[in-house]
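**Q** Starting off with a structure, shown below.
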Amino acid sequence: MLIEVIADTLNDAILAEKAGADRIELITAVGEGGLTPSYGLIEAVCHAVSIPVSVMIRPHNRSFTYTQQDVAIMKSDIKACRDIGAAGIVIGAITAENKVDEEALSVLLEDTEGLDVTYHRAFDQVENQLEALEVLKSYKQISRILTSGGAEKAPQAKEQLQELINSCEGSHLTIMPGSGITPENIEAFLQDVSPYEIHVGSGVRKNRSLLHEIDVELLQTFKELCKRAGA
């Protein structure tokens, strides 16, 4: 199973790679749910680690509904990430009616050739996840959806997550559960959910807080538990 780890500093990224992370989601403003990091941080991380770095493209924390001006800024950030050398980007957009914003998404995906694209947890605010999944299947540029299954924490929505995973079978999309997954609950989680990728943040940090650095031993334990569960 592929393990993606949140990083918001250069040291985070280095520690994540040291502990065996397979991919980094690079963000800033963890207290605001993650925003686009500075170009300086993106460049430093991409040069410091050998594992793939996916960069959050989110210009503000007001909502996941974006104006034309917001989308233009996001397109510029996507181009910068590609030029700097990031492996991927993390995007998402929904309408005021809580549906996938196909107009915004189509514009954002125009400049993503060569980038691995994740649709982020804006997906957890859509009106109907299974309908939204069918919409996202039409966008071949998108590789995965990061989701907690519509619940606050992924372990609270195991049945929904497995249904989403099943609905992706035979398509180019995969479901990456995230939020609230920890070394303490990962084995029980994987008894009911069969993902190919897992997203983890505070669960592998010191004091279990995104305000503290990654705990290398805890992340190594988490990865071993995933392996032991046969994932």
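Chain labels A, B, ... are given in the sequence in which chains occur in the structure tokens; within each chain residues are numbered consecutively from 1, and ligands are likewise numbered from 1 in the order shown.
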Give me, as a ChimeraX atom specification, all polymer residues having an atom no more than 7 Å from Ser54 in chain A, counting only C-alpha atoms and skipping those fewer than 6 positions away in the same chain.

**A** /A:24-26,86-90

**Q** Quick one: DSSP helix (DSSP H, G or I) residues in chain A, as a ChimeraX atom specification?

**A** /A:10-19,30-32,39-48,68-84,102-111,121-125,129-136,154-168,186-192,202-204,206-208,216-228

**Q** As number ranges by chain, which residues of range 9-198 of chain A does DSSP assign to strand (DSSP E or B)?

**A** A: 23-26, 28, 35, 53-56, 88-91, 94, 100, 116-119, 142-147, 174-178, 197-198

**Q** Can I get the selection written as a PDB file, in the first residue's frame, with C-alpha atoms?

**A**
```pdb
ATOM      1  CA  ARG A  23       4.608  10.339  -1.460  1.00  0.00           C
ATOM      2  CA  ILE A  24       4.330  13.776   0.151  1.00  0.00           C
ATOM      3  CA  GLU A  25       1.366  16.109   0.057  1.00  0.00           C
ATOM      4  CA  LEU A  26       3.003  19.513   0.472  1.00  0.00           C
ATOM      5  CA  THR A  28       1.025  25.346   4.141  1.00  0.00           C
ATOM      6  CA  LEU A  35      -3.224  26.107   1.277  1.00  0.00           C
ATOM      7  CA  VAL A  53       5.824  15.595  -4.087  1.00  0.00           C
ATOM      8  CA  SER A  54       2.197  16.572  -4.718  1.00  0.00           C
ATOM      9  CA  VAL A  55       1.478  20.244  -4.050  1.00  0.00           C
ATOM     10  CA  MET A  56      -1.788  21.631  -2.714  1.00  0.00           C
ATOM     11  CA  GLY A  88       1.834  16.279  -8.861  1.00  0.00           C
ATOM     12  CA  ILE A  89      -0.834  18.660  -7.677  1.00  0.00           C
ATOM     13  CA  VAL A  90      -3.838  18.427  -5.375  1.00  0.00           C
ATOM     14  CA  ILE A  91      -6.937  20.313  -6.543  1.00  0.00           C
ATOM     15  CA  ILE A  94     -17.314  22.531  -6.175  1.00  0.00           C
ATOM     16  CA  VAL A 100     -18.279  19.094  -8.864  1.00  0.00           C
ATOM     17  CA  ASP A 116      -0.103  13.442 -11.163  1.00  0.00           C
ATOM     18  CA  VAL A 117      -3.468  14.911 -10.115  1.00  0.00           C
ATOM     19  CA  THR A 118      -5.356  14.276  -6.873  1.00  0.00           C
ATOM     20  CA  TYR A 119      -8.887  15.596  -6.318  1.00  0.00           C
ATOM     21  CA  ILE A 142      -7.179  12.784 -12.326  1.00  0.00           C
ATOM     22  CA  SER A 143      -5.536   9.751 -10.699  1.00  0.00           C
ATOM     23  CA  ARG A 144      -7.217   9.627  -7.308  1.00  0.00           C
ATOM     24  CA  ILE A 145      -9.703  11.153  -4.898  1.00  0.00           C
ATOM     25  CA  LEU A 146      -8.697  11.954  -1.326  1.00  0.00           C
ATOM     26  CA  THR A 147     -11.750  11.498   0.883  1.00  0.00           C
ATOM     27  CA  THR A 174      -8.519   5.204  -7.091  1.00  0.00           C
ATOM     28  CA  ILE A 175      -9.865   6.232  -3.695  1.00  0.00           C
ATOM     29  CA  MET A 176      -7.326   7.367  -1.082  1.00  0.00           C
ATOM     30  CA  PRO A 177      -8.887   7.439   2.411  1.00  0.00           C
ATOM     31  CA  GLY A 178      -7.657  10.176   4.714  1.00  0.00           C
ATOM     32  CA  GLU A 197      -3.331   4.206  -0.963  1.00  0.00           C
ATOM     33  CA  ILE A 198      -3.660   5.815   2.483  1.00  0.00           C
TER      34      ILE A 198
END
```

**Q** Nearest to Arg82 in chain A among A:Ile42, A:Ile51, A:Leu210, A:Ala16, with distances taken over only C-alpha atoms: which residue is it?

**A**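 Under the stated criterion, the closest residue is A:Ile42.
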
**Q** Which residues are near Asn11 in chain A? Cut-off 9 Å, only C-alpha atoms, ignore same chain within fewer than 5 positions. Put them as number ranges by chain.

**A** A: 16, 45, 213-214

**Q** Since we have the selection now, will you write its residues out, keeping N, CA and C atoms, as a short mmCIF file (atom, residue, chain, number, x, y, z; two decimals), in the first residue's frame?

**A**
```
data_model
loop_
_atom_site.label_atom_id
_atom_site.label_comp_id
_atom_site.auth_asym_id
_atom_site.auth_seq_id
_atom_site.Cartn_x
_atom_site.Cartn_y
_atom_site.Cartn_z
N ALA A 16 9.66 12.51 6.57
CA ALA A 16 8.69 11.59 5.96
C ALA A 16 9.40 10.59 5.06
N VAL A 45 11.77 21.45 -1.21
CA VAL A 45 11.34 20.08 -0.94
C VAL A 45 11.61 19.18 -2.15
N GLU A 213 6.29 18.14 14.48
CA GLU A 213 6.96 17.45 13.38
C GLU A 213 6.60 15.98 13.32
N ILE A 214 6.91 15.39 12.18
CA ILE A 214 6.65 13.97 11.96
C ILE A 214 7.50 13.13 12.92
#
```

**Q** Using only C-alpha atoms, can you tell me which of A:Asp70, A:Glu134, A:Asp192, A:Glu187 comes closest to Lys227 in chain A?

**A**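 Using only C-alpha atoms, Lys227 in chain A sits closest to A:Glu187.
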
**Q** Which residue gives the smallest distance to His199 in chain A among A:Phe123, A:Phe222, A:Tyr139, A:Phe64, with only C-alpha atoms counted?

**A** A:Phe222

**Q** Calculated over only C-alpha atoms, which of the candidates A:Gly31, A:Asn128, A:Thr112, A:Ser138 has the smallest distance to Glu97 in chain A?

**A**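 Of all the options, A:Asn128 lies closest to Glu97 in chain A.
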
**Q** With only C-alpha atoms as the atoms that count, which of A:Glu43, A:Arg62, A:Leu211, A:Leu115 lies nearest to Ala29 in chain A?

**A** A:Leu211

**Q** Please list as a PyMOL selection string every residue within 12 Å of His212 in chain A, counting only C-alpha atoms and excluding residues in the same chain fewer than 6 positions away.

**A** chain A and resi 6-9+11-12+30-31+201-206
